[in-house]
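Have a look at the structure below, then the notes.
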Amino acid sequence: KNQVEQSPQSLIILEGKNCTLQCNYTVSPFSNLRWYKQDTGRGPVSLTIMTFSENTKSNGRYTATLDADTKQSSLHITASQLSDSASYICVVSARGSARQLTFGSGTQLTVLP
Amino acid sequence: DAGITQSPRHKVTETGTPVTLRCHQTENHRYMYWYRQDPGHGLRLIHYSYGVKDTDKGEVSDGYSVSRSKTEDFLLTLESATSSQTSVYFCAISNSGGEDTQYFGPGTRLTVL
């Protein structure tokens, strides 16, 4: 069964600090991996997408890495801001039909002033 | 929210009553999806559509039906709502199948008493 596990479940950091969120997956056959940001009360918004051949992708202060051999990804947030407080969801797509997306449960990040 | 609206945004209903949620898009995307999001779980696919009148089941389809009579509208119906269907429901759209980025609507919070 395809699975996506994220850690930590929740994280509290001070504004201006960096943090790294982890995602481990067992999805086959792998197609791509996305990180989404979900603000409270809103739908998820895509941050990055990486295919098998990509191992780093940046979007402003967000940098995602992918190690397809160990089936691990991380999302690094630099110089955190209060607006970074949200749930970050790792989503892995398997090649094939449209139903083949597996979602992690998310990491709830809180940035304190 | 990428030209996606959901209605209603909030609904409280009683066990045994029928409920219909509507998703409307202005992006002319081919694929539309219905997910539910519950604490401790990742987003889970209920049903999806790959064209007008073309739909398929997701992993948690029991108790739900869908219809898509126009490209822009995707309806989710709970024929007889149960308390286990209390959840936040998200609609998503994408241009192509599961390997393409999905864009999510703002969500509908449904409470079944």
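Numbering starts fresh at 1 for the residues of each chain in the structure tokens, the chains themselves are lettered A, B, ... in the order given, and ligands are numbered from 1 as they appear.
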
For chain A, report every residue with an atom at most 9 Å from chain B (counting only C-alpha atoms), formatted as a PDB file with all heavy atoms, in the first residue's frame.
```
ATOM      1  N   VAL A   4       2.642   7.812   2.757  1.00  0.00           N
ATOM      2  CA  VAL A   4       3.480   8.999   2.932  1.00  0.00           C
ATOM      3  C   VAL A   4       3.458   9.353   4.415  1.00  0.00           C
ATOM      4  O   VAL A   4       2.382   9.555   4.985  1.00  0.00           O
ATOM      5  CB  VAL A   4       2.969  10.188   2.094  1.00  0.00           C
ATOM      6  CG1 VAL A   4       3.773  11.432   2.403  1.00  0.00           C
ATOM      7  CG2 VAL A   4       3.038   9.862   0.600  1.00  0.00           C
ATOM      8  N   SER A  31       6.164   8.977  -9.598  1.00  0.00           N
ATOM      9  CA  SER A  31       6.105   9.953 -10.678  1.00  0.00           C
ATOM     10  C   SER A  31       6.671  11.295 -10.235  1.00  0.00           C
ATOM     11  O   SER A  31       7.615  11.789 -10.825  1.00  0.00           O
ATOM     12  CB  SER A  31       4.668  10.149 -11.169  1.00  0.00           C
ATOM     13  OG  SER A  31       4.616  11.179 -12.133  1.00  0.00           O
ATOM     14  N   ASN A  32       6.079  11.897  -9.213  1.00  0.00           N
ATOM     15  CA  ASN A  32       6.600  13.153  -8.708  1.00  0.00           C
ATOM     16  C   ASN A  32       6.180  13.362  -7.260  1.00  0.00           C
ATOM     17  O   ASN A  32       5.348  12.630  -6.724  1.00  0.00           O
ATOM     18  CB  ASN A  32       6.153  14.330  -9.574  1.00  0.00           C
ATOM     19  CG  ASN A  32       4.649  14.454  -9.658  1.00  0.00           C
ATOM     20  OD1 ASN A  32       3.972  14.572  -8.643  1.00  0.00           O
ATOM     21  ND2 ASN A  32       4.112  14.448 -10.864  1.00  0.00           N
ATOM     22  N   ARG A  34       5.216  16.541  -4.448  1.00  0.00           N
ATOM     23  CA  ARG A  34       4.869  17.944  -4.279  1.00  0.00           C
ATOM     24  C   ARG A  34       4.813  18.277  -2.799  1.00  0.00           C
ATOM     25  O   ARG A  34       4.478  17.431  -1.974  1.00  0.00           O
ATOM     26  CB  ARG A  34       3.493  18.238  -4.872  1.00  0.00           C
ATOM     27  CG  ARG A  34       3.309  17.942  -6.325  1.00  0.00           C
ATOM     28  CD  ARG A  34       1.875  18.290  -6.725  1.00  0.00           C
ATOM     29  NE  ARG A  34       1.588  17.965  -8.098  1.00  0.00           N
ATOM     30  CZ  ARG A  34       1.185  16.767  -8.523  1.00  0.00           C
ATOM     31  NH1 ARG A  34       1.048  15.779  -7.667  1.00  0.00           N
ATOM     32  NH2 ARG A  34       0.937  16.562  -9.786  1.00  0.00           N
ATOM     33  N   GLY A  41      -8.268  26.983   7.417  1.00  0.00           N
ATOM     34  CA  GLY A  41      -9.532  27.346   6.794  1.00  0.00           C
ATOM     35  C   GLY A  41      -9.483  27.523   5.291  1.00  0.00           C
ATOM     36  O   GLY A  41     -10.453  28.013   4.692  1.00  0.00           O
ATOM     37  N   ARG A  42      -8.396  27.112   4.673  1.00  0.00           N
ATOM     38  CA  ARG A  42      -8.258  27.278   3.225  1.00  0.00           C
ATOM     39  C   ARG A  42      -7.797  25.973   2.588  1.00  0.00           C
ATOM     40  O   ARG A  42      -7.388  25.026   3.252  1.00  0.00           O
ATOM     41  CB  ARG A  42      -7.274  28.405   2.906  1.00  0.00           C
ATOM     42  CG  ARG A  42      -7.642  29.711   3.586  1.00  0.00           C
ATOM     43  CD  ARG A  42      -6.942  30.864   2.990  1.00  0.00           C
ATOM     44  NE  ARG A  42      -7.378  31.092   1.592  1.00  0.00           N
ATOM     45  CZ  ARG A  42      -7.058  32.168   0.890  1.00  0.00           C
ATOM     46  NH1 ARG A  42      -6.322  33.092   1.431  1.00  0.00           N
ATOM     47  NH2 ARG A  42      -7.470  32.297  -0.364  1.00  0.00           N
ATOM     48  N   GLY A  43      -7.872  25.925   1.270  1.00  0.00           N
ATOM     49  CA  GLY A  43      -7.401  24.749   0.554  1.00  0.00           C
ATOM     50  C   GLY A  43      -5.897  24.764   0.390  1.00  0.00           C
ATOM     51  O   GLY A  43      -5.262  25.817   0.467  1.00  0.00           O
ATOM     52  N   PRO A  44      -5.282  23.605   0.166  1.00  0.00           N
ATOM     53  CA  PRO A  44      -3.822  23.543  -0.033  1.00  0.00           C
ATOM     54  C   PRO A  44      -3.403  24.270  -1.302  1.00  0.00           C
ATOM     55  O   PRO A  44      -4.139  24.291  -2.292  1.00  0.00           O
ATOM     56  CB  PRO A  44      -3.559  22.033  -0.168  1.00  0.00           C
ATOM     57  CG  PRO A  44      -4.756  21.367   0.436  1.00  0.00           C
ATOM     58  CD  PRO A  44      -5.903  22.278   0.172  1.00  0.00           C
ATOM     59  N   VAL A  45      -2.191  24.839  -1.242  1.00  0.00           N
ATOM     60  CA  VAL A  45      -1.618  25.546  -2.385  1.00  0.00           C
ATOM     61  C   VAL A  45      -0.247  24.941  -2.669  1.00  0.00           C
ATOM     62  O   VAL A  45       0.562  24.766  -1.760  1.00  0.00           O
ATOM     63  CB  VAL A  45      -1.478  27.051  -2.097  1.00  0.00           C
ATOM     64  CG1 VAL A  45      -0.757  27.747  -3.241  1.00  0.00           C
ATOM     65  CG2 VAL A  45      -2.851  27.670  -1.877  1.00  0.00           C
ATOM     66  N   SER A  46       0.015  24.627  -3.930  1.00  0.00           N
ATOM     67  CA  SER A  46       1.273  23.982  -4.301  1.00  0.00           C
ATOM     68  C   SER A  46       2.457  24.922  -4.116  1.00  0.00           C
ATOM     69  O   SER A  46       2.425  26.085  -4.519  1.00  0.00           O
ATOM     70  CB  SER A  46       1.193  23.534  -5.765  1.00  0.00           C
ATOM     71  OG  SER A  46       2.396  22.926  -6.159  1.00  0.00           O
ATOM     72  N   ILE A  49       7.188  21.158  -6.965  1.00  0.00           N
ATOM     73  CA  ILE A  49       6.974  19.830  -7.530  1.00  0.00           C
ATOM     74  C   ILE A  49       8.314  19.322  -8.052  1.00  0.00           C
ATOM     75  O   ILE A  49       9.073  20.072  -8.665  1.00  0.00           O
ATOM     76  CB  ILE A  49       5.914  19.840  -8.649  1.00  0.00           C
ATOM     77  CG1 ILE A  49       5.765  18.431  -9.253  1.00  0.00           C
ATOM     78  CG2 ILE A  49       6.241  20.867  -9.721  1.00  0.00           C
ATOM     79  CD1 ILE A  49       4.584  18.315 -10.203  1.00  0.00           C
ATOM     80  N   ILE A  89       2.012  19.904   3.575  1.00  0.00           N
ATOM     81  CA  ILE A  89       1.589  18.563   3.189  1.00  0.00           C
ATOM     82  C   ILE A  89       2.468  18.046   2.061  1.00  0.00           C
ATOM     83  O   ILE A  89       2.671  18.731   1.058  1.00  0.00           O
ATOM     84  CB  ILE A  89       0.112  18.564   2.729  1.00  0.00           C
ATOM     85  CG1 ILE A  89      -0.791  19.109   3.852  1.00  0.00           C
ATOM     86  CG2 ILE A  89      -0.328  17.161   2.328  1.00  0.00           C
ATOM     87  CD1 ILE A  89      -2.225  19.347   3.416  1.00  0.00           C
ATOM     88  N   SER A  93       2.880  11.343  -6.136  1.00  0.00           N
ATOM     89  CA  SER A  93       2.074  10.852  -7.244  1.00  0.00           C
ATOM     90  C   SER A  93       2.710   9.606  -7.838  1.00  0.00           C
ATOM     91  O   SER A  93       3.922   9.571  -8.068  1.00  0.00           O
ATOM     92  CB  SER A  93       1.972  11.936  -8.315  1.00  0.00           C
ATOM     93  OG  SER A  93       1.333  11.445  -9.470  1.00  0.00           O
ATOM     94  N   ALA A  94       1.891   8.606  -8.060  1.00  0.00           N
ATOM     95  CA  ALA A  94       2.355   7.409  -8.765  1.00  0.00           C
ATOM     96  C   ALA A  94       1.969   7.541 -10.230  1.00  0.00           C
ATOM     97  O   ALA A  94       0.954   8.146 -10.574  1.00  0.00           O
ATOM     98  CB  ALA A  94       1.713   6.163  -8.165  1.00  0.00           C
ATOM     99  N   ARG A  95       2.769   6.985 -11.083  1.00  0.00           N
ATOM    100  CA  ARG A  95       2.441   7.005 -12.514  1.00  0.00           C
ATOM    101  C   ARG A  95       1.182   6.201 -12.747  1.00  0.00           C
ATOM    102  O   ARG A  95       0.974   5.142 -12.162  1.00  0.00           O
ATOM    103  CB  ARG A  95       3.584   6.419 -13.342  1.00  0.00           C
ATOM    104  CG  ARG A  95       4.791   7.326 -13.465  1.00  0.00           C
ATOM    105  CD  ARG A  95       5.672   6.896 -14.638  1.00  0.00           C
ATOM    106  NE  ARG A  95       6.031   5.494 -14.578  1.00  0.00           N
ATOM    107  CZ  ARG A  95       7.082   5.021 -13.930  1.00  0.00           C
ATOM    108  NH1 ARG A  95       7.855   5.836 -13.264  1.00  0.00           N
ATOM    109  NH2 ARG A  95       7.352   3.739 -13.928  1.00  0.00           N
ATOM    110  N   GLY A  96       0.334   6.730 -13.601  1.00  0.00           N
ATOM    111  CA  GLY A  96      -0.874   5.962 -13.891  1.00  0.00           C
ATOM    112  C   GLY A  96      -2.112   6.823 -13.834  1.00  0.00           C
ATOM    113  O   GLY A  96      -2.106   7.947 -14.294  1.00  0.00           O
ATOM    114  N   SER A  97      -3.161   6.352 -13.216  1.00  0.00           N
ATOM    115  CA  SER A  97      -4.448   7.022 -13.259  1.00  0.00           C
ATOM    116  C   SER A  97      -4.479   8.239 -12.338  1.00  0.00           C
ATOM    117  O   SER A  97      -3.619   8.411 -11.478  1.00  0.00           O
ATOM    118  CB  SER A  97      -5.565   6.065 -12.868  1.00  0.00           C
ATOM    119  OG  SER A  97      -5.517   5.802 -11.472  1.00  0.00           O
ATOM    120  N   ALA A  98      -5.494   9.040 -12.523  1.00  0.00           N
ATOM    121  CA  ALA A  98      -5.627  10.274 -11.761  1.00  0.00           C
ATOM    122  C   ALA A  98      -5.824  10.029 -10.273  1.00  0.00           C
ATOM    123  O   ALA A  98      -5.647  10.929  -9.469  1.00  0.00           O
ATOM    124  CB  ALA A  98      -6.801  11.082 -12.309  1.00  0.00           C
ATOM    125  N   ARG A  99      -6.191   8.837  -9.882  1.00  0.00           N
ATOM    126  CA  ARG A  99      -6.436   8.587  -8.470  1.00  0.00           C
ATOM    127  C   ARG A  99      -5.159   8.334  -7.691  1.00  0.00           C
ATOM    128  O   ARG A  99      -5.181   8.208  -6.482  1.00  0.00           O
ATOM    129  CB  ARG A  99      -7.354   7.372  -8.309  1.00  0.00           C
ATOM    130  CG  ARG A  99      -6.658   6.045  -8.601  1.00  0.00           C
ATOM    131  CD  ARG A  99      -7.559   4.860  -8.357  1.00  0.00           C
ATOM    132  NE  ARG A  99      -8.533   4.729  -9.412  1.00  0.00           N
ATOM    133  CZ  ARG A  99      -9.514   3.853  -9.398  1.00  0.00           C
ATOM    134  NH1 ARG A  99      -9.674   3.068  -8.378  1.00  0.00           N
ATOM    135  NH2 ARG A  99     -10.363   3.784 -10.392  1.00  0.00           N
ATOM    136  N   GLN A 100      -4.023   8.242  -8.391  1.00  0.00           N
ATOM    137  CA  GLN A 100      -2.803   7.778  -7.744  1.00  0.00           C
ATOM    138  C   GLN A 100      -2.021   8.874  -7.054  1.00  0.00           C
ATOM    139  O   GLN A 100      -0.834   9.055  -7.312  1.00  0.00           O
ATOM    140  CB  GLN A 100      -1.932   7.041  -8.765  1.00  0.00           C
ATOM    141  CG  GLN A 100      -2.548   5.771  -9.293  1.00  0.00           C
ATOM    142  CD  GLN A 100      -2.856   4.783  -8.184  1.00  0.00           C
ATOM    143  OE1 GLN A 100      -2.109   4.631  -7.249  1.00  0.00           O
ATOM    144  NE2 GLN A 100      -4.005   4.133  -8.298  1.00  0.00           N
ATOM    145  N   LEU A 101      -2.668   9.639  -6.173  1.00  0.00           N
ATOM    146  CA  LEU A 101      -1.994  10.598  -5.312  1.00  0.00           C
ATOM    147  C   LEU A 101      -2.102  10.113  -3.883  1.00  0.00           C
ATOM    148  O   LEU A 101      -3.172   9.712  -3.439  1.00  0.00           O
ATOM    149  CB  LEU A 101      -2.663  11.971  -5.397  1.00  0.00           C
ATOM    150  CG  LEU A 101      -2.378  12.858  -6.606  1.00  0.00           C
ATOM    151  CD1 LEU A 101      -3.048  14.204  -6.422  1.00  0.00           C
ATOM    152  CD2 LEU A 101      -0.890  13.063  -6.793  1.00  0.00           C
ATOM    153  N   THR A 102      -0.988  10.144  -3.174  1.00  0.00           N
ATOM    154  CA  THR A 102      -0.995   9.780  -1.758  1.00  0.00           C
ATOM    155  C   THR A 102      -0.569  10.995  -0.954  1.00  0.00           C
ATOM    156  O   THR A 102       0.508  11.556  -1.212  1.00  0.00           O
ATOM    157  CB  THR A 102      -0.065   8.593  -1.480  1.00  0.00           C
ATOM    158  OG1 THR A 102      -0.427   7.497  -2.337  1.00  0.00           O
ATOM    159  CG2 THR A 102      -0.195   8.151  -0.029  1.00  0.00           C
ATOM    160  N   PHE A 103      -1.403  11.376   0.015  1.00  0.00           N
ATOM    161  CA  PHE A 103      -1.166  12.574   0.805  1.00  0.00           C
ATOM    162  C   PHE A 103      -0.620  12.194   2.178  1.00  0.00           C
ATOM    163  O   PHE A 103      -1.115  11.260   2.815  1.00  0.00           O
ATOM    164  CB  PHE A 103      -2.472  13.343   1.009  1.00  0.00           C
ATOM    165  CG  PHE A 103      -3.014  14.001  -0.230  1.00  0.00           C
ATOM    166  CD1 PHE A 103      -3.675  13.258  -1.199  1.00  0.00           C
ATOM    167  CD2 PHE A 103      -2.865  15.357  -0.424  1.00  0.00           C
ATOM    168  CE1 PHE A 103      -4.181  13.867  -2.336  1.00  0.00           C
ATOM    169  CE2 PHE A 103      -3.372  15.977  -1.568  1.00  0.00           C
ATOM    170  CZ  PHE A 103      -4.024  15.234  -2.516  1.00  0.00           C
ATOM    171  N   GLY A 104       0.360  12.947   2.639  1.00  0.00           N
ATOM    172  CA  GLY A 104       0.764  12.845   4.033  1.00  0.00           C
ATOM    173  C   GLY A 104      -0.238  13.576   4.917  1.00  0.00           C
ATOM    174  O   GLY A 104      -1.097  14.309   4.421  1.00  0.00           O
ATOM    175  N   SER A 105      -0.121  13.362   6.216  1.00  0.00           N
ATOM    176  CA  SER A 105      -1.040  13.998   7.169  1.00  0.00           C
ATOM    177  C   SER A 105      -0.647  15.441   7.480  1.00  0.00           C
ATOM    178  O   SER A 105      -1.414  16.162   8.124  1.00  0.00           O
ATOM    179  CB  SER A 105      -1.094  13.204   8.473  1.00  0.00           C
ATOM    180  OG  SER A 105      -1.575  11.901   8.231  1.00  0.00           O
ATOM    181  N   GLY A 106       0.543  15.824   7.050  1.00  0.00           N
ATOM    182  CA  GLY A 106       0.957  17.210   7.218  1.00  0.00           C
ATOM    183  C   GLY A 106       1.778  17.465   8.466  1.00  0.00           C
ATOM    184  O   GLY A 106       1.716  16.709   9.446  1.00  0.00           O
TER     185      GLY A 106
END
```

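Excluding Pro8 in chain A and any residue on its chain fewer than 4 positions from it, the residues at most 12 Å away by only C-alpha atoms are A:Ile12, A:Cys19, A:Thr20, A:Leu21, A:Gln22, A:Cys23, A:Asn24, A:Ser74, A:Leu75, A:Ser87, A:Tyr88, A:Ile89, A:Gly104, A:Ser105, A:Gly106, A:Thr107, A:Gln108, A:Leu109.
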
Those selected residues, please, written with N, CA, C and O atoms and delivered as a short mmCIF file (atom, residue, chain, number, x, y, z; two decimals), in the first residue's frame.
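Saved as again_11.cif:
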```
data_model
loop_
_atom_site.label_atom_id
_atom_site.label_comp_id
_atom_site.auth_asym_id
_atom_site.auth_seq_id
_atom_site.Cartn_x
_atom_site.Cartn_y
_atom_site.Cartn_z
N ILE A 12 7.08 24.23 16.47
CA ILE A 12 6.97 25.63 16.85
C ILE A 12 8.36 26.25 16.78
O ILE A 12 9.31 25.72 17.36
N CYS A 19 13.84 26.11 9.52
CA CYS A 19 13.35 24.80 9.95
C CYS A 19 13.31 23.86 8.75
O CYS A 19 13.33 24.29 7.59
N THR A 20 13.28 22.56 9.07
CA THR A 20 13.23 21.53 8.03
C THR A 20 12.15 20.52 8.37
O THR A 20 12.10 20.00 9.49
N LEU A 21 11.31 20.25 7.40
CA LEU A 21 10.23 19.27 7.55
C LEU A 21 10.59 18.04 6.71
O LEU A 21 11.17 18.16 5.64
N GLN A 22 10.19 16.87 7.21
CA GLN A 22 10.59 15.63 6.56
C GLN A 22 9.39 14.88 5.97
O GLN A 22 8.27 14.95 6.50
N CYS A 23 9.67 14.14 4.91
CA CYS A 23 8.64 13.32 4.26
C CYS A 23 9.30 12.03 3.79
O CYS A 23 10.29 12.07 3.06
N ASN A 24 8.78 10.90 4.22
CA ASN A 24 9.22 9.58 3.74
C ASN A 24 8.05 8.92 3.02
O ASN A 24 6.91 9.00 3.49
N SER A 74 12.62 16.58 1.90
CA SER A 74 12.57 17.55 2.97
C SER A 74 12.16 18.90 2.41
O SER A 74 12.37 19.19 1.23
N LEU A 75 11.56 19.69 3.25
CA LEU A 75 11.20 21.07 2.90
C LEU A 75 11.89 21.97 3.92
O LEU A 75 11.62 21.88 5.12
N SER A 87 -0.12 24.37 7.73
CA SER A 87 0.17 22.95 7.63
C SER A 87 0.87 22.71 6.29
O SER A 87 0.46 23.25 5.26
N TYR A 88 1.94 21.92 6.31
CA TYR A 88 2.69 21.62 5.10
C TYR A 88 2.50 20.15 4.77
O TYR A 88 2.78 19.28 5.59
N ILE A 89 2.01 19.90 3.57
CA ILE A 89 1.59 18.56 3.19
C ILE A 89 2.47 18.05 2.06
O ILE A 89 2.67 18.73 1.06
N GLY A 104 0.36 12.95 2.64
CA GLY A 104 0.76 12.84 4.03
C GLY A 104 -0.24 13.58 4.92
O GLY A 104 -1.10 14.31 4.42
N SER A 105 -0.12 13.36 6.22
CA SER A 105 -1.04 14.00 7.17
C SER A 105 -0.65 15.44 7.48
O SER A 105 -1.41 16.16 8.12
N GLY A 106 0.54 15.82 7.05
CA GLY A 106 0.96 17.21 7.22
C GLY A 106 1.78 17.47 8.47
O GLY A 106 1.72 16.71 9.45
N THR A 107 2.57 18.53 8.43
CA THR A 107 3.28 19.05 9.59
C THR A 107 2.69 20.42 9.89
O THR A 107 2.67 21.29 9.01
N GLN A 108 2.20 20.60 11.11
CA GLN A 108 1.63 21.88 11.50
C GLN A 108 2.75 22.76 12.05
O GLN A 108 3.33 22.48 13.10
N LEU A 109 3.07 23.83 11.32
CA LEU A 109 4.14 24.75 11.70
C LEU A 109 3.53 26.01 12.31
O LEU A 109 2.63 26.61 11.72
#
```

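Between CA of His76 in chain A and CA of Thr40 in chain A the separation is 20.4 Å.
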
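Distance check against Glu79 in chain B using only C-alpha atoms: of B:Leu113, B:Val19, B:Ile4, B:Val52, the minimum falls on B:Val19.
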
- Message: Residues of chain B classed as strand (DSSP E) by DSSP on the backbone are to be reported as a PyMOL selection string.
- Response: chain B and resi 4-7+10-13+19-25+31-37+44-51+54-57+64-70+73-78+87-94+103-104+108-112

Give me the residues within 8 Å of Leu82 in chain A as a compact mmCIF listing (two decimals) with C-alpha atoms, in the first residue's frame, counting only C-alpha atoms and dropping any in the same chain fewer than 5 places off.
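And here is the file that came out, result-v8.txt:
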```txt
# COMPACT_ATOMS: atom_id res chain seq x y z
CA GLU A 15 10.27 34.20 13.67
CA THR A 110 3.65 27.63 14.11
CA VAL A 111 5.92 30.65 13.87
CA LEU A 112 5.95 32.81 16.98
CA PRO A 113 7.04 36.47 17.13
```

Give me, as an mmCIF file with C-alpha atoms, in the first residue's frame, all polymer residues having an atom no more than 9 Å from Glu72 in chain B, counting only C-alpha atoms and skipping those fewer than 2 positions away in the same chain.
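And here's result-v2.cif as it stands now:
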```
data_model
loop_
_atom_site.group_PDB
_atom_site.id
_atom_site.type_symbol
_atom_site.label_atom_id
_atom_site.label_comp_id
_atom_site.auth_asym_id
_atom_site.auth_seq_id
_atom_site.Cartn_x
_atom_site.Cartn_y
_atom_site.Cartn_z
ATOM 1 C CA CYS B 23 -17.834 22.667 -7.000
ATOM 2 C CA HIS B 24 -17.617 25.233 -9.772
ATOM 3 C CA GLN B 25 -14.507 26.079 -11.816
ATOM 4 C CA THR B 26 -13.778 28.784 -14.358
ATOM 5 C CA GLU B 27 -10.442 27.321 -15.544
ATOM 6 C CA ASN B 28 -11.812 24.814 -18.075
ATOM 7 C CA HIS B 29 -9.738 22.033 -16.518
ATOM 8 C CA ARG B 30 -10.605 18.514 -17.583
ATOM 9 C CA MET B 32 -12.100 17.478 -11.073
ATOM 10 C CA ARG B 68 -20.684 16.070 -13.828
ATOM 11 C CA SER B 69 -23.063 17.334 -16.492
ATOM 12 C CA LYS B 70 -20.921 20.341 -17.470
ATOM 13 C CA PHE B 74 -18.887 18.730 -10.199
#
```

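Computed from the coordinates, the CA of Leu76 in chain B to CA of Trp34 in chain B distance equals 7.4 Å.
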
- Contacts of Thr15 in chain B at 8 Å (only C-alpha atoms; same-chain gap of 6+ positions) as a PyMOL selection string: chain B and resi 80-83+112-113

Write the residues of the selection above to a file with all heavy atoms, as a PDB file, in the first residue's frame.
```pdb
ATOM      1  N   SER B  80     -27.656   9.758   2.096  1.00  0.00           N
ATOM      2  CA  SER B  80     -28.223   9.696   3.441  1.00  0.00           C
ATOM      3  C   SER B  80     -27.086   9.932   4.417  1.00  0.00           C
ATOM      4  O   SER B  80     -26.349   9.011   4.765  1.00  0.00           O
ATOM      5  CB  SER B  80     -28.869   8.331   3.674  1.00  0.00           C
ATOM      6  OG  SER B  80     -29.391   8.236   4.994  1.00  0.00           O
ATOM      7  N   ALA B  81     -26.926  11.177   4.832  1.00  0.00           N
ATOM      8  CA  ALA B  81     -25.750  11.567   5.596  1.00  0.00           C
ATOM      9  C   ALA B  81     -25.644  10.815   6.925  1.00  0.00           C
ATOM     10  O   ALA B  81     -26.657  10.559   7.598  1.00  0.00           O
ATOM     11  CB  ALA B  81     -25.772  13.061   5.850  1.00  0.00           C
ATOM     12  N   THR B  82     -24.421  10.471   7.284  1.00  0.00           N
ATOM     13  CA  THR B  82     -24.133   9.835   8.579  1.00  0.00           C
ATOM     14  C   THR B  82     -23.120  10.681   9.330  1.00  0.00           C
ATOM     15  O   THR B  82     -22.386  11.479   8.738  1.00  0.00           O
ATOM     16  CB  THR B  82     -23.577   8.415   8.389  1.00  0.00           C
ATOM     17  OG1 THR B  82     -22.276   8.513   7.788  1.00  0.00           O
ATOM     18  CG2 THR B  82     -24.479   7.572   7.506  1.00  0.00           C
ATOM     19  N   SER B  83     -23.028  10.470  10.627  1.00  0.00           N
ATOM     20  CA  SER B  83     -22.109  11.272  11.441  1.00  0.00           C
ATOM     21  C   SER B  83     -20.652  11.056  11.018  1.00  0.00           C
ATOM     22  O   SER B  83     -19.816  11.953  11.177  1.00  0.00           O
ATOM     23  CB  SER B  83     -22.283  10.935  12.920  1.00  0.00           C
ATOM     24  OG  SER B  83     -22.071   9.554  13.150  1.00  0.00           O
ATOM     25  N   VAL B 112     -22.602  16.612  10.428  1.00  0.00           N
ATOM     26  CA  VAL B 112     -23.803  15.768  10.431  1.00  0.00           C
ATOM     27  C   VAL B 112     -24.112  15.399  11.881  1.00  0.00           C
ATOM     28  O   VAL B 112     -23.308  14.733  12.538  1.00  0.00           O
ATOM     29  CB  VAL B 112     -23.607  14.501   9.584  1.00  0.00           C
ATOM     30  CG1 VAL B 112     -24.909  13.695   9.552  1.00  0.00           C
ATOM     31  CG2 VAL B 112     -23.164  14.847   8.171  1.00  0.00           C
ATOM     32  N   LEU B 113     -25.260  15.862  12.358  1.00  0.00           N
ATOM     33  CA  LEU B 113     -25.630  15.648  13.763  1.00  0.00           C
ATOM     34  C   LEU B 113     -26.430  14.367  13.949  1.00  0.00           C
ATOM     35  O   LEU B 113     -27.143  13.935  13.028  1.00  0.00           O
ATOM     36  CB  LEU B 113     -26.421  16.847  14.266  1.00  0.00           C
ATOM     37  CG  LEU B 113     -25.702  18.197  14.184  1.00  0.00           C
ATOM     38  CD1 LEU B 113     -26.636  19.319  14.596  1.00  0.00           C
ATOM     39  CD2 LEU B 113     -24.451  18.184  15.044  1.00  0.00           C
TER      40      LEU B 113
END
```

- For Ser73 in chain A, please output as a list in words all residues within 10 Å (counting only C-alpha atoms; exclusion window: fewer than 6 positions along the same chain). Gln6, Leu21, Gln22, Cys23, Asn24, Tyr25, Leu33, Arg34, Trp35, Met50, Asn55, Thr56, Ala64, Thr65, Leu66, Asp67 and Cys90 of chain A

- Note on the structure: What separates CA of Asn95 in chain B and CA of Arg22 in chain B is a distance of 19.3 Å

- Message: What's around Lys17 in chain A at 7 Å? Count only C-alpha atoms, leave out sequence neighbours fewer than 3 positions away in its own chain, and write the answer as JSON, numbers by chain.
- Response: {"A": [13, 14, 78, 79, 80]}

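Among the candidates A:Asn18, A:Asn2, A:Asn59, A:Ser53, the residue lying nearest to Ile77 in chain A is A:Asn18 (atoms considered: only C-alpha atoms).
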